[in-house]
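Data block for start-v3.txt (compact mmCIF, C-alpha atoms):
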```
# COMPACT_ATOMS: atom_id res chain seq x y z
CA MET R 30 74.42 115.37 29.45
CA ALA R 31 71.43 114.44 31.57
CA VAL R 32 71.33 116.23 34.90
CA CYS R 33 69.61 114.87 38.00
CA SER R 34 69.40 117.06 41.11
CA ILE R 35 68.27 115.91 44.55
CA GLY R 36 68.04 118.16 47.57
CA LEU R 37 67.77 116.96 51.14
CA VAL R 38 65.38 118.41 53.68
CA ASN R 39 66.03 118.23 57.45
CA ALA R 40 69.22 116.28 56.82
CA PRO R 41 72.48 116.53 58.76
CA VAL R 42 74.82 119.37 57.92
CA GLY R 43 76.91 118.46 54.90
CA ALA R 44 74.42 115.91 53.62
CA GLN R 45 73.19 118.06 50.73
CA ILE R 46 73.21 116.22 47.41
CA ASN R 47 73.63 118.08 44.15
CA LEU R 48 74.41 115.51 41.50
CA SER R 49 75.30 116.18 37.89
CA ILE R 50 74.98 112.96 35.95
CA ASP R 51 76.64 112.56 32.56
CA ILE R 52 75.15 109.37 31.19
CA GLU R 53 78.09 108.85 28.83
CA LYS R 54 80.62 108.73 31.68
CA PRO R 55 81.16 106.03 34.32
CA PRO R 56 79.32 104.41 35.93
CA PHE R 57 76.66 104.70 33.20
CA GLU R 58 78.41 104.85 29.79
CA TYR R 59 75.02 104.80 28.11
CA SER R 60 75.98 104.23 24.47
CA GLN R 61 78.66 101.66 25.40
CA THR R 62 76.52 99.55 27.73
CA ALA R 63 74.85 96.45 26.32
CA ALA R 64 71.07 96.56 26.51
CA ASP R 65 69.24 93.82 28.40
CA ASN R 66 65.51 94.25 28.08
CA ARG R 67 62.36 92.96 26.43
CA VAL R 68 63.25 94.46 23.04
CA SER R 69 66.93 93.47 23.01
CA ARG R 70 65.87 89.88 23.70
CA LEU R 71 63.45 90.04 20.75
CA VAL R 72 66.26 91.37 18.53
CA GLU R 73 68.41 88.40 19.52
CA LYS R 74 65.61 86.02 18.54
CA LEU R 75 65.10 87.81 15.22
CA ASN R 76 68.81 87.61 14.45
CA ALA R 77 68.82 83.92 15.35
CA LYS R 78 65.71 83.46 13.18
CA THR R 79 63.85 81.75 16.02
CA VAL R 80 61.14 84.41 15.71
CA GLN R 81 59.70 85.84 12.51
CA LEU R 82 57.56 88.95 12.18
CA GLN R 83 54.57 89.10 9.86
CA TYR R 84 53.95 92.08 7.59
CA SER R 85 50.57 93.48 6.60
CA ARG R 86 49.88 96.16 4.03
CA GLU R 87 47.65 98.11 6.43
CA THR R 88 49.82 98.33 9.54
CA GLY R 89 53.23 96.95 8.56
CA TYR R 90 54.75 94.88 11.36
CA LEU R 91 52.71 96.55 14.10
CA ARG R 92 50.46 93.63 15.09
CA SER R 93 53.33 91.17 14.93
CA ILE R 94 55.61 93.39 17.03
CA LEU R 95 52.90 93.85 19.66
CA ARG R 96 52.38 90.09 19.92
CA ALA R 97 56.12 89.46 20.17
CA LEU R 98 56.47 92.06 22.94
CA GLU R 99 53.27 90.96 24.73
CA ILE R 100 51.61 94.36 24.39
CA PRO R 101 47.79 94.39 24.24
CA GLU R 102 46.09 96.14 21.34
CA SER R 103 43.53 97.46 23.83
CA SER R 104 46.21 99.73 25.32
CA GLN R 105 45.97 102.02 22.29
CA THR R 106 46.12 105.75 22.93
CA LEU R 107 46.19 108.34 20.16
CA VAL R 108 48.11 111.61 20.05
CA PHE R 109 47.65 114.17 17.27
CA SER R 110 50.06 116.86 18.49
CA LYS R 111 53.37 117.02 16.65
CA THR R 112 55.46 115.92 19.63
CA SER R 113 57.33 113.07 17.95
CA MET R 114 60.24 112.97 15.54
CA GLN R 115 57.70 111.91 12.88
CA VAL R 116 56.01 115.31 12.83
CA ARG R 117 55.45 115.37 9.07
CA TYR R 118 53.09 112.39 9.28
CA ILE R 119 51.11 113.37 12.38
CA SER R 120 47.89 115.40 12.29
CA ARG R 121 44.37 115.35 13.68
CA ARG R 122 43.39 113.13 10.74
CA ASN R 123 46.43 110.91 11.19
CA PRO R 124 47.22 110.58 14.90
CA ARG R 125 50.14 108.61 16.25
CA ALA R 126 49.13 105.42 18.06
CA ILE R 127 50.91 104.35 21.24
CA TYR R 128 50.63 100.86 22.70
CA PHE R 129 52.19 99.72 25.95
CA ASN R 130 52.56 97.11 28.64
CA ASP R 131 54.29 97.47 32.02
CA ASP R 132 57.73 98.22 30.58
CA THR R 133 57.58 98.77 26.82
CA TYR R 134 56.01 101.40 24.55
CA VAL R 135 55.43 101.20 20.78
CA GLY R 136 54.67 104.25 18.64
CA TRP R 137 53.14 103.75 15.19
CA VAL R 138 52.05 106.31 12.59
CA ARG R 139 49.86 105.39 9.64
CA GLY R 140 51.76 105.91 6.39
CA SER R 141 55.22 105.86 7.94
CA SER R 142 57.73 103.06 7.42
CA LEU R 143 59.32 103.82 10.80
CA MET R 144 58.06 102.49 14.12
CA GLU R 145 59.45 103.70 17.46
CA ILE R 146 59.91 101.56 20.58
CA SER R 147 61.15 102.43 24.05
CA THR R 148 61.55 100.08 26.98
CA ALA R 149 62.72 100.03 30.57
CA ASP R 150 66.25 98.67 30.97
CA PRO R 151 67.93 97.94 34.34
CA LYS R 152 71.26 99.52 33.38
CA LEU R 153 70.21 102.14 30.82
CA GLY R 154 67.04 103.35 32.51
CA THR R 155 65.33 103.40 29.15
CA ALA R 156 66.50 101.99 25.83
CA PHE R 157 65.18 103.26 22.50
CA TYR R 158 64.71 101.43 19.21
CA THR R 159 63.49 102.07 15.69
CA VAL R 160 61.87 99.56 13.37
CA ASP R 161 62.44 100.24 9.67
CA MET R 162 59.49 98.46 8.08
CA MET R 163 59.86 97.05 4.58
CA PRO R 164 57.63 94.24 3.27
CA TRP R 165 60.61 91.90 2.99
CA ARG R 166 62.14 92.67 6.41
CA ALA R 167 61.84 94.58 9.67
CA LYS R 168 65.13 96.17 10.70
CA VAL R 169 65.16 96.76 14.47
CA GLU R 170 68.01 98.98 15.68
CA GLN R 171 68.86 100.65 18.96
CA ALA R 172 68.71 104.45 18.80
CA TYR R 173 70.60 106.94 20.93
CA TYR R 174 71.00 110.68 20.57
CA ASP R 175 67.94 111.54 18.48
CA CYS R 176 65.77 110.05 21.24
CA LEU R 177 67.77 111.34 24.21
CA ALA R 178 67.35 114.94 23.02
CA CYS R 179 63.81 114.74 24.42
CA HIS R 180 63.92 111.62 26.56
CA ALA R 181 66.76 112.55 28.93
CA THR R 182 65.67 116.00 30.05
CA SER R 183 63.73 117.64 32.86
CA MET R 184 60.59 116.12 31.27
CA THR R 185 61.89 112.68 32.28
CA GLN R 186 63.36 113.72 35.67
CA GLY R 187 66.80 114.19 34.09
CA VAL R 188 67.40 110.54 33.17
CA PRO R 189 66.67 108.41 30.08
CA GLY R 190 62.95 107.89 30.42
CA HIS R 191 59.40 108.41 29.22
CA THR R 192 56.95 111.26 29.39
CA VAL R 193 53.31 112.07 28.65
CA ARG R 194 52.97 115.70 27.58
CA SER R 195 49.83 117.82 27.43
CA VAL R 196 50.03 120.81 25.08
CA TYR R 197 47.94 123.51 23.47
CA PRO R 198 47.66 122.19 19.88
CA GLU R 199 47.03 124.26 16.79
CA VAL R 200 44.60 123.11 14.10
CA ASP R 201 47.37 121.23 12.27
CA GLY R 202 48.63 119.54 15.44
CA SER R 203 51.65 121.78 15.89
CA VAL R 204 52.35 122.94 19.43
CA ALA R 205 51.59 126.54 20.39
CA SER R 206 55.12 127.31 21.56
CA GLN R 207 54.15 130.43 23.50
CA ARG R 208 51.63 128.55 25.60
CA GLU R 209 52.28 126.48 28.70
CA SER R 210 52.59 122.72 28.41
CA PHE R 211 52.31 120.08 31.13
CA ILE R 212 54.16 116.87 31.93
CA THR R 213 51.33 114.78 33.30
CA ASP R 214 51.16 112.00 35.86
CA HIS R 215 48.62 110.86 38.46
CA SER R 216 49.03 114.12 40.40
CA SER R 217 48.03 116.32 37.45
CA PRO R 218 44.58 117.94 37.58
CA ILE R 219 42.31 116.40 34.97
CA SER R 220 41.82 119.90 33.58
CA GLN R 221 45.51 119.99 32.54
CA ARG R 222 45.64 116.57 30.91
CA TRP R 223 45.58 115.25 27.35
CA GLY R 224 46.07 118.41 25.31
CA GLY R 225 46.94 117.13 21.83
CA TRP R 226 45.51 113.66 22.54
CA TYR R 227 42.29 111.96 21.61
CA VAL R 228 40.32 110.69 24.62
CA THR R 229 37.43 108.22 24.59
CA GLY R 230 35.34 107.25 27.60
CA ARG R 231 33.02 108.73 30.20
CA HIS R 232 34.21 111.15 32.90
CA GLY R 233 31.12 113.07 33.98
CA GLU R 234 31.49 116.82 34.35
CA MET R 235 35.28 116.76 34.67
CA ARG R 236 36.91 118.70 31.85
CA HIS R 237 40.18 117.95 30.07
CA MET R 238 42.22 119.39 27.19
CA GLY R 239 41.86 116.45 24.78
CA ASN R 240 39.87 116.11 21.53
CA THR R 241 40.18 119.79 20.66
CA PHE R 242 42.56 122.46 19.38
CA LEU R 243 43.09 126.20 19.57
CA ARG R 244 40.53 128.38 17.85
CA GLY R 245 41.12 132.10 18.01
CA GLY R 246 43.77 131.47 20.64
CA GLN R 247 41.30 129.67 22.93
CA LEU R 248 40.95 125.99 23.81
CA ASP R 249 37.24 125.24 24.18
CA THR R 250 36.80 122.34 26.61
CA ARG R 251 33.02 122.53 26.94
CA GLU R 252 32.05 120.07 24.19
CA ASN R 253 35.14 117.87 23.87
CA GLY R 254 34.44 115.38 26.65
CA ASN R 255 32.67 112.05 27.17
CA ARG R 256 33.40 110.86 23.63
CA LEU R 257 32.53 107.25 22.88
CA SER R 258 33.96 107.20 19.37
CA LEU R 259 36.33 109.14 17.12
CA TRP R 260 34.64 108.35 13.82
CA ASP R 261 33.96 112.02 13.11
CA ASP R 262 37.64 112.90 13.52
CA PHE R 263 39.49 110.41 11.29
CA GLU R 264 39.30 106.95 9.69
CA THR R 265 39.41 104.78 12.80
CA HIS R 266 39.14 101.50 10.86
CA ASP R 267 42.79 101.88 9.84
CA TYR R 268 43.79 101.47 13.50
CA LEU R 269 43.83 98.37 15.69
CA SER R 270 41.18 99.91 17.96
CA PRO R 271 38.63 102.70 17.45
CA TYR R 272 39.48 104.09 20.91
CA SER R 273 42.01 106.24 22.72
CA ASP R 274 41.01 104.92 26.09
CA ILE R 275 40.83 107.32 29.04
CA VAL R 276 41.79 104.61 31.54
CA ALA R 277 44.74 103.53 29.41
CA LEU R 278 45.85 107.16 29.33
CA MET R 279 45.68 107.39 33.13
CA VAL R 280 47.70 104.19 33.51
CA LEU R 281 50.22 105.43 30.94
CA GLU R 282 50.69 108.71 32.82
CA HIS R 283 51.25 106.97 36.13
CA GLN R 284 53.71 104.39 34.96
CA THR R 285 55.91 106.63 32.81
CA GLN R 286 56.84 108.81 35.77
CA MET R 287 57.04 105.79 38.10
CA HIS R 288 59.68 104.33 35.81
CA ASN R 289 61.45 107.70 35.78
CA ALA R 290 61.39 107.92 39.58
CA ILE R 291 62.96 104.45 39.84
CA THR R 292 65.64 105.32 37.29
CA GLN R 293 66.45 108.68 38.88
CA ALA R 294 66.88 107.11 42.31
CA ASP R 295 68.94 104.22 40.99
CA PHE R 296 71.18 106.47 38.87
CA SER R 297 71.68 108.80 41.85
CA LEU R 298 72.80 105.96 44.09
CA ARG R 299 75.04 104.48 41.40
CA GLN R 300 76.69 107.87 40.99
CA LEU R 301 77.31 108.20 44.74
CA LEU R 302 78.71 104.69 44.97
CA HIS R 303 80.97 105.41 42.00
CA GLN R 304 82.25 108.49 43.80
CA GLY R 305 83.28 106.25 46.70
CA GLU R 306 80.44 107.11 49.05
CA GLY R 307 78.49 104.51 50.99
CA THR R 308 81.66 102.95 52.41
CA ALA R 309 82.00 105.24 55.43
CA GLU R 310 83.52 103.75 58.57
CA ARG R 311 82.99 106.62 61.02
CA SER R 312 79.56 106.86 62.64
CA ASP R 313 79.02 110.47 61.55
CA GLU R 314 79.78 109.56 57.94
CA ALA R 315 77.48 106.55 58.18
CA ALA R 316 74.68 108.78 59.50
CA GLU R 317 75.18 111.17 56.59
CA TRP R 318 75.12 108.29 54.12
CA ASN R 319 71.91 106.88 55.60
CA ALA R 320 70.28 110.31 55.39
CA ARG R 321 71.19 110.52 51.72
CA LEU R 322 69.85 107.05 51.07
CA ARG R 323 66.55 107.91 52.79
CA LEU R 324 66.15 111.02 50.68
CA ILE R 325 66.97 109.23 47.44
CA ALA R 326 64.43 106.48 48.21
CA LYS R 327 61.59 108.73 49.39
CA PRO R 328 60.43 110.01 45.96
CA VAL R 329 60.07 106.40 44.79
CA VAL R 330 58.00 105.54 47.88
CA ASP R 331 55.83 108.65 47.64
CA TYR R 332 55.12 108.18 43.96
CA ALA R 333 54.44 104.45 44.36
CA LEU R 334 51.87 105.26 47.06
CA PHE R 335 50.09 107.81 44.85
CA CYS R 336 50.85 110.77 47.11
CA ASN R 337 49.24 113.97 45.82
CA GLU R 338 47.03 112.00 43.41
CA ALA R 339 44.50 114.31 41.78
CA PRO R 340 41.04 113.29 43.04
CA LEU R 341 38.38 112.18 40.61
CA THR R 342 35.22 114.21 41.07
CA ALA R 343 33.16 111.94 38.81
CA PRO R 344 33.33 108.25 37.87
CA VAL R 345 35.58 107.34 34.95
CA ASN R 346 34.62 104.59 32.49
CA GLY R 347 36.77 103.54 29.57
CA SER R 348 37.06 100.45 27.43
CA ILE R 349 35.99 97.29 29.24
CA ILE R 350 38.54 95.34 27.22
CA PHE R 351 41.55 97.36 28.40
CA ALA R 352 40.43 97.46 32.03
CA GLU R 353 39.83 93.70 32.13
CA GLU R 354 43.06 92.79 30.36
CA PHE R 355 45.06 95.08 32.61
CA SER R 356 43.43 93.87 35.83
CA ASN R 357 43.72 90.21 34.88
CA ARG R 358 47.51 90.43 34.71
CA GLY R 359 47.59 90.24 38.52
CA PRO R 360 49.11 88.88 40.65
CA VAL R 361 46.24 88.36 43.10
CA ASP R 362 46.15 87.31 46.74
CA ARG R 363 44.01 84.50 48.17
CA LEU R 364 41.04 86.89 48.40
CA GLY R 365 41.35 87.77 44.73
CA ARG R 366 42.68 91.28 45.44
CA SER R 367 45.30 92.92 43.24
CA LEU R 368 47.22 96.19 43.04
CA ARG R 369 45.75 96.36 39.53
CA ASP R 370 42.16 96.61 40.81
CA PHE R 371 40.67 99.86 39.56
CA ASP R 372 38.56 102.21 41.66
CA LEU R 373 37.90 104.98 39.10
CA LYS R 374 35.33 106.66 41.32
CA THR R 375 37.44 108.91 43.53
CA ARG R 376 40.95 107.70 42.58
CA MET R 377 42.61 105.47 40.02
CA PHE R 378 43.26 102.27 41.98
CA LYS R 379 41.46 100.62 44.88
CA TYR R 380 44.77 99.85 46.61
CA PRO R 381 47.09 102.82 45.99
CA CYS R 382 50.47 101.15 45.61
CA SER R 383 51.99 100.97 42.15
CA TYR R 384 51.82 97.63 40.36
CA LEU R 385 55.35 98.43 39.12
CA VAL R 386 56.69 97.05 42.41
CA TYR R 387 56.47 93.75 40.51
CA SER R 388 58.54 95.05 37.59
CA PRO R 389 62.11 94.09 36.68
CA ALA R 390 62.97 97.81 36.92
CA PHE R 391 61.96 97.86 40.59
CA ASP R 392 63.76 94.61 41.36
CA SER R 393 66.91 95.80 39.56
CA MET R 394 67.44 98.81 41.83
CA GLN R 395 70.71 98.77 43.77
CA LYS R 396 70.19 96.57 46.84
CA PRO R 397 70.66 99.35 49.45
CA LEU R 398 68.10 101.44 47.58
CA LYS R 399 65.57 98.64 47.17
CA ASP R 400 65.93 97.74 50.85
CA GLU R 401 65.38 101.36 51.89
CA VAL R 402 62.34 101.71 49.63
CA ALA R 403 60.90 98.53 51.16
CA ARG R 404 61.63 99.79 54.69
CA GLN R 405 59.83 103.08 54.04
CA LEU R 406 56.89 101.36 52.34
CA LEU R 407 56.50 99.02 55.29
CA ALA R 408 56.60 101.88 57.80
CA VAL R 409 53.77 103.64 55.98
CA LEU R 410 51.62 100.57 55.39
CA LYS R 411 51.98 99.34 58.99
CA GLY R 412 50.87 102.78 60.20
CA GLU R 413 54.18 103.58 61.88
CA ASN R 414 54.70 106.59 59.60
CA GLN R 415 51.72 108.90 60.02
CA ASP R 416 53.23 111.83 58.14
CA ASP R 417 50.64 114.07 56.50
CA THR R 418 52.08 113.07 53.11
CA TYR R 419 50.21 109.78 53.48
CA ARG R 420 46.91 111.14 54.80
CA HIS R 421 45.11 109.71 51.74
CA LEU R 422 45.80 106.21 53.07
CA ASP R 423 43.35 105.27 55.82
CA ALA R 424 44.05 102.37 58.18
CA ARG R 425 41.96 99.87 56.18
CA THR R 426 43.61 100.79 52.89
CA ARG R 427 47.08 100.48 54.43
CA ALA R 428 46.29 97.09 55.96
CA ASP R 429 44.72 95.71 52.77
CA THR R 430 47.60 96.95 50.60
CA LEU R 431 50.16 95.48 52.97
CA ALA R 432 48.35 92.13 53.00
CA ILE R 433 48.35 92.03 49.20
CA LEU R 434 52.06 92.84 49.05
CA ARG R 435 53.01 90.29 51.70
CA GLU R 436 51.25 87.55 49.76
CA THR R 437 52.05 88.53 46.16
CA LYS R 438 55.62 89.79 46.69
CA PRO R 439 56.75 87.92 49.80
CA ASP R 440 60.45 88.76 49.39
CA LEU R 441 59.88 92.54 49.45
CA PHE R 442 59.95 93.01 53.23
CA ARG R 443 62.54 90.38 54.13
```

Take the structure in the file and write it out as structure tokens.
Amino acid sequence: MAVCSIGLVNAPVGAQINLSIDIEKPPFEYSQTAADNRVSRLVEKLNAKTVQLQYSRETGYLRSILRALEIPESSQTLVFSKTSMQVRYISRRNPRAIYFNDDTYVGWVRGSSLMEISTADPKLGTAFYTVDMMPWRAKVEQAYYDCLACHATSMTQGVPGHTVRSVYPEVDGSVASQRESFITDHSSPISQRWGGWYVTGRHGEMRHMGNTFLRGGQLDTRENGNRLSLWDDFETHDYLSPYSDIVALMVLEHQTQMHNAITQADFSLRQLLHQGEGTAERSDEAAEWNARLRLIAKPVVDYALFCNEAPLTAPVNGSIIFAEEFSNRGPVDRLGRSLRDFDLKTRMFKYPCSYLVYSPAFDSMQKPLKDEVARQLLAVLKGENQDDTYRHLDARTRADTLAILRETKPDLFR
């Protein structure tokens, strides 16, 4: 059972929400619901033999899968902590590689015949797949309970989702179970990020937990930063890229929890509608329903607008290839501006509104929820909502962001 709890603040009496969501019961029925996502569509093409994957001795079907799923090789990040079901293969000398685009994540481990894929799905929240790689065939199958044991917990906001975890790693990559770990997103201090991960790129005097492991019970973060290569750590030529890009890591952290916020809100509303709520005829019941809807939508709005984003105290520079490929995906307005434009001096993006507003996951939210999210976004960006939560958005930033959205997603505020 995945549990999602939402509390209401300053809401009418009786409007408190305390939802327990069992994803195997209506309206979700996770394992009985047909997947409809980027990976399921690839599986259909493979079964119909309209697409064929190419095998290589070095990386199996990795390159071919990435091309088929439209995932850039430059998105590579590397994790050496044993936080995957393939723990016996993973070490500092043999890190797990993760590649991603806006909705799909591929995990590959050198020497393993199993590849892991997860992807956003409008009905399932997240769908999980394994690829059994043999030279004569790639067997792609949907996975359920092995994945949900970690990917439908408090780490993923209680719904089937994704997570980036920062841990205190031992020398062999195992997790120091008695030490604190962190689920990281754009609000996490840099000092708490990337424990158990490799990190390449420049970040000035900011310290992080990556590229190192516990020695004598201590994690030394003085000499682990500003790495431009990982050649001294393992054989990088066996990987598609020699980098574990710091900017790719920051994007990965943001979008995993953005997807989770969307799923949590959508699942919450679906549960309420299934329970017969949202059809109130009396005005007091309608007011209570609207209060619930506002509170369900608000976490999506706040996260999309990068509320509580941890400030950058030094410029961040990663791989030019990843940054350019990511930014060029657009869309752009007539002035060439995009929600994908990086800042990387004091914050991640120049226009702090998540590019996932363009995603199928966002567009697939229940209509009342999507409309309420749009209403709240508009109130903030027009300057009508001056709550302190949005103090990081000055008038110019709000106006520019709104102009970009009006032009690149014109149906959002209709």

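When atom CA of R:Gly190 is paired with atom CA of R:Glu282, their separation reads 12.5 Å.
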
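Taking atom CA of R:Asn255 and atom CA of R:Ser348 as endpoints, the distance between them is 12.4 Å.
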
Report as a tab-separated table the residues of stretch 97-177 of chain R within 10 Å of stretch 264-280 of chain R, each with its shortest atom pair and distance in Å (one decimal), using all atoms listed in the file, ordered by chain and increasing residue number.
```
residue	atom	partner	partner_atom	distance
R:Glu102	CA	R:Leu269	CA	6.5
R:Ser103	CA	R:Ser270	CA	6.8
R:Ser104	CA	R:Ala277	CA	5.8
R:Gln105	CA	R:Ser273	CA	5.8
R:Thr106	CA	R:Ser273	CA	4.1
R:Leu107	CA	R:Ser273	CA	5.3
R:Val108	CA	R:Ser273	CA	8.6
R:Arg122	CA	R:Glu264	CA	7.5
R:Asn123	CA	R:Glu264	CA	8.3
R:Pro124	CA	R:Tyr268	CA	9.8
R:Arg125	CA	R:Tyr268	CA	9.9
R:Ala126	CA	R:Tyr268	CA	8.1
R:Ile127	CA	R:Ser273	CA	9.2
R:Tyr128	CA	R:Ala277	CA	9.3
R:Phe129	CA	R:Ala277	CA	9.1
R:Asn130	CA	R:Val280	CA	9.9
R:Asp131	CA	R:Val280	CA	9.5
R:Trp137	CA	R:Tyr268	CA	9.8
R:Val138	CA	R:Tyr268	CA	9.6
R:Arg139	CA	R:Asp267	CA	7.9
```

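Closest to R:Asp261 among R:Leu434, R:Ser297, R:Pro397, R:Arg121 is R:Arg121, based on only C-alpha atoms.
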
*asked:* What's around R:Trp223 at 6 Å? Count all atoms listed in the file, leave out sequence neighbours fewer than 4 positions away in its own chain, and write the answer as a ChimeraX atom specification.
replied: /R:195,238-239

Select from stretch 318-372 of chain R every residue with an atom at most 12 Å from any atom of stretch 197-219 of chain R, then for each give the shortest pair of atoms and their distance in Å to one decimal, using only C-alpha atoms, rows by chain and rising number, as a Markdown table.
```
| residue | atom | partner | partner_atom | distance |
| --- | --- | --- | --- | --- |
| R:Asp331 | CA | R:Ser216 | CA | 11.3 |
| R:Tyr332 | CA | R:His215 | CA | 8.9 |
| R:Ala333 | CA | R:His215 | CA | 10.5 |
| R:Leu334 | CA | R:His215 | CA | 10.8 |
| R:Phe335 | CA | R:His215 | CA | 7.2 |
| R:Cys336 | CA | R:Ser216 | CA | 7.7 |
| R:Asn337 | CA | R:Ser216 | CA | 5.4 |
| R:Glu338 | CA | R:Ser216 | CA | 4.2 |
| R:Ala339 | CA | R:Ser216 | CA | 4.7 |
| R:Pro340 | CA | R:Pro218 | CA | 8.0 |
| R:Leu341 | CA | R:Ile219 | CA | 8.1 |
| R:Thr342 | CA | R:Ile219 | CA | 9.6 |
| R:Ala343 | CA | R:Ile219 | CA | 10.9 |
| R:Val345 | CA | R:Ile219 | CA | 11.3 |
```

For the residues in that selection, give me C-alpha atoms as a short mmCIF file (atom, residue, chain, number, x, y, z; two decimals), keeping the file's coordinate frame.
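Final output, selection_32.cif:
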```
data_model
loop_
_atom_site.label_atom_id
_atom_site.label_comp_id
_atom_site.auth_asym_id
_atom_site.auth_seq_id
_atom_site.Cartn_x
_atom_site.Cartn_y
_atom_site.Cartn_z
CA ASP R 331 55.83 108.65 47.64
CA TYR R 332 55.12 108.18 43.96
CA ALA R 333 54.44 104.45 44.36
CA LEU R 334 51.87 105.26 47.06
CA PHE R 335 50.09 107.81 44.85
CA CYS R 336 50.85 110.77 47.11
CA ASN R 337 49.24 113.97 45.82
CA GLU R 338 47.03 112.00 43.41
CA ALA R 339 44.50 114.31 41.78
CA PRO R 340 41.04 113.29 43.04
CA LEU R 341 38.38 112.18 40.61
CA THR R 342 35.22 114.21 41.07
CA ALA R 343 33.16 111.94 38.81
CA VAL R 345 35.58 107.34 34.95
#
```

Env of stretch 67-79 of chain R: 8 Å cut, atoms = all atoms listed in the file, seq-sep filter 3 positions within chain, self excluded. Answer as a PDB file with C-alpha atoms, keeping the file's coordinate frame.
```pdb
ATOM      1  CA  ALA R  64      71.070  96.560  26.510  1.00  0.00           C
ATOM      2  CA  ALA R  97      56.120  89.460  20.170  1.00  0.00           C
ATOM      3  CA  LEU R  98      56.470  92.060  22.940  1.00  0.00           C
ATOM      4  CA  THR R 133      57.580  98.770  26.820  1.00  0.00           C
ATOM      5  CA  THR R 148      61.550 100.080  26.980  1.00  0.00           C
ATOM      6  CA  VAL R 169      65.160  96.760  14.470  1.00  0.00           C
TER       7      VAL R 169
END
```

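With atom CA of R:Arg363 on one side and atom CA of R:Pro101 on the other, the separation reads 26.2 Å.
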
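Distances here use all atoms listed in the file; by that measure, the residue among R:Gln83, R:Ser110, R:Ser60, R:Ser356 closest to R:Leu243 is R:Ser110.
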
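Once R:Leu373 and its same-chain neighbours fewer than 4 positions away are set aside, Pro344, Val345, Met377 and Phe378 of chain R remain within 7 Å of it when counting only C-alpha atoms.
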
As an mmCIF file with C-alpha atoms, in the coordinates of the input, please: the residues near R:Ser142 (cut-off 10 Å, all atoms listed in the file, same-chain neighbours under 4 positions excluded).
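Full text of result_35.cif as output:
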```
data_model
loop_
_atom_site.group_PDB
_atom_site.id
_atom_site.type_symbol
_atom_site.label_atom_id
_atom_site.label_comp_id
_atom_site.auth_asym_id
_atom_site.auth_seq_id
_atom_site.Cartn_x
_atom_site.Cartn_y
_atom_site.Cartn_z
ATOM 1 C CA THR R 88 49.820 98.330 9.540
ATOM 2 C CA GLY R 89 53.230 96.950 8.560
ATOM 3 C CA TYR R 90 54.750 94.880 11.360
ATOM 4 C CA TRP R 137 53.140 103.750 15.190
ATOM 5 C CA VAL R 138 52.050 106.310 12.590
ATOM 6 C CA VAL R 160 61.870 99.560 13.370
ATOM 7 C CA ASP R 161 62.440 100.240 9.670
ATOM 8 C CA MET R 162 59.490 98.460 8.080
ATOM 9 C CA MET R 163 59.860 97.050 4.580
ATOM 10 C CA PRO R 164 57.630 94.240 3.270
ATOM 11 C CA ALA R 167 61.840 94.580 9.670
#
```

*Out of R:Val228, R:Ile291, R:Leu259, R:Ile50, which residue has the shortest atom-to-atom distance to R:Pro389 when counting all atoms listed in the file?*
R:Ile291

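Near R:Lys399, within a cut-off of 12 Å and counting only C-alpha atoms, sit the residues Ile291, Thr292, Ala294, Asp295, Leu298, Leu322, Arg323, Ile325, Ala326, Lys327, Val329, Val330, Val386, Pro389, Ala390, Phe391, Asp392, Ser393, Gln405, Leu406, Asp440, Leu441, Phe442 and Arg443 of chain R, with same-chain residues fewer than 6 positions away left out.
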
Output requested as a PDB file, in the coordinates of the input - stretch 220-228 of chain R, filled out with N, CA and C atoms.
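Dumped to part39.pdb:
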```
ATOM      1  N   SER R 220      41.981 118.743  34.459  1.00  0.00           N
ATOM      2  CA  SER R 220      41.820 119.900  33.580  1.00  0.00           C
ATOM      3  C   SER R 220      43.086 120.246  32.807  1.00  0.00           C
ATOM      4  N   GLN R 221      44.247 119.726  33.234  1.00  0.00           N
ATOM      5  CA  GLN R 221      45.510 119.990  32.540  1.00  0.00           C
ATOM      6  C   GLN R 221      45.963 118.817  31.667  1.00  0.00           C
ATOM      7  N   ARG R 222      45.186 117.779  31.601  1.00  0.00           N
ATOM      8  CA  ARG R 222      45.640 116.570  30.910  1.00  0.00           C
ATOM      9  C   ARG R 222      45.148 116.477  29.465  1.00  0.00           C
ATOM     10  N   TRP R 223      45.946 115.795  28.661  1.00  0.00           N
ATOM     11  CA  TRP R 223      45.580 115.250  27.350  1.00  0.00           C
ATOM     12  C   TRP R 223      45.434 116.294  26.251  1.00  0.00           C
ATOM     13  N   GLY R 224      46.034 117.463  26.414  1.00  0.00           N
ATOM     14  CA  GLY R 224      46.070 118.410  25.310  1.00  0.00           C
ATOM     15  C   GLY R 224      46.880 117.834  24.154  1.00  0.00           C
ATOM     16  N   GLY R 225      46.275 117.731  22.981  1.00  0.00           N
ATOM     17  CA  GLY R 225      46.940 117.130  21.830  1.00  0.00           C
ATOM     18  C   GLY R 225      46.688 115.639  21.697  1.00  0.00           C
ATOM     19  N   TRP R 226      45.856 115.084  22.578  1.00  0.00           N
ATOM     20  CA  TRP R 226      45.510 113.660  22.540  1.00  0.00           C
ATOM     21  C   TRP R 226      44.025 113.497  22.237  1.00  0.00           C
ATOM     22  N   TYR R 227      43.680 112.374  21.657  1.00  0.00           N
ATOM     23  CA  TYR R 227      42.290 111.960  21.610  1.00  0.00           C
ATOM     24  C   TYR R 227      41.970 111.184  22.888  1.00  0.00           C
ATOM     25  N   VAL R 228      40.740 111.331  23.371  1.00  0.00           N
ATOM     26  CA  VAL R 228      40.320 110.690  24.620  1.00  0.00           C
ATOM     27  C   VAL R 228      38.918 110.134  24.435  1.00  0.00           C
TER      28      VAL R 228
END
```
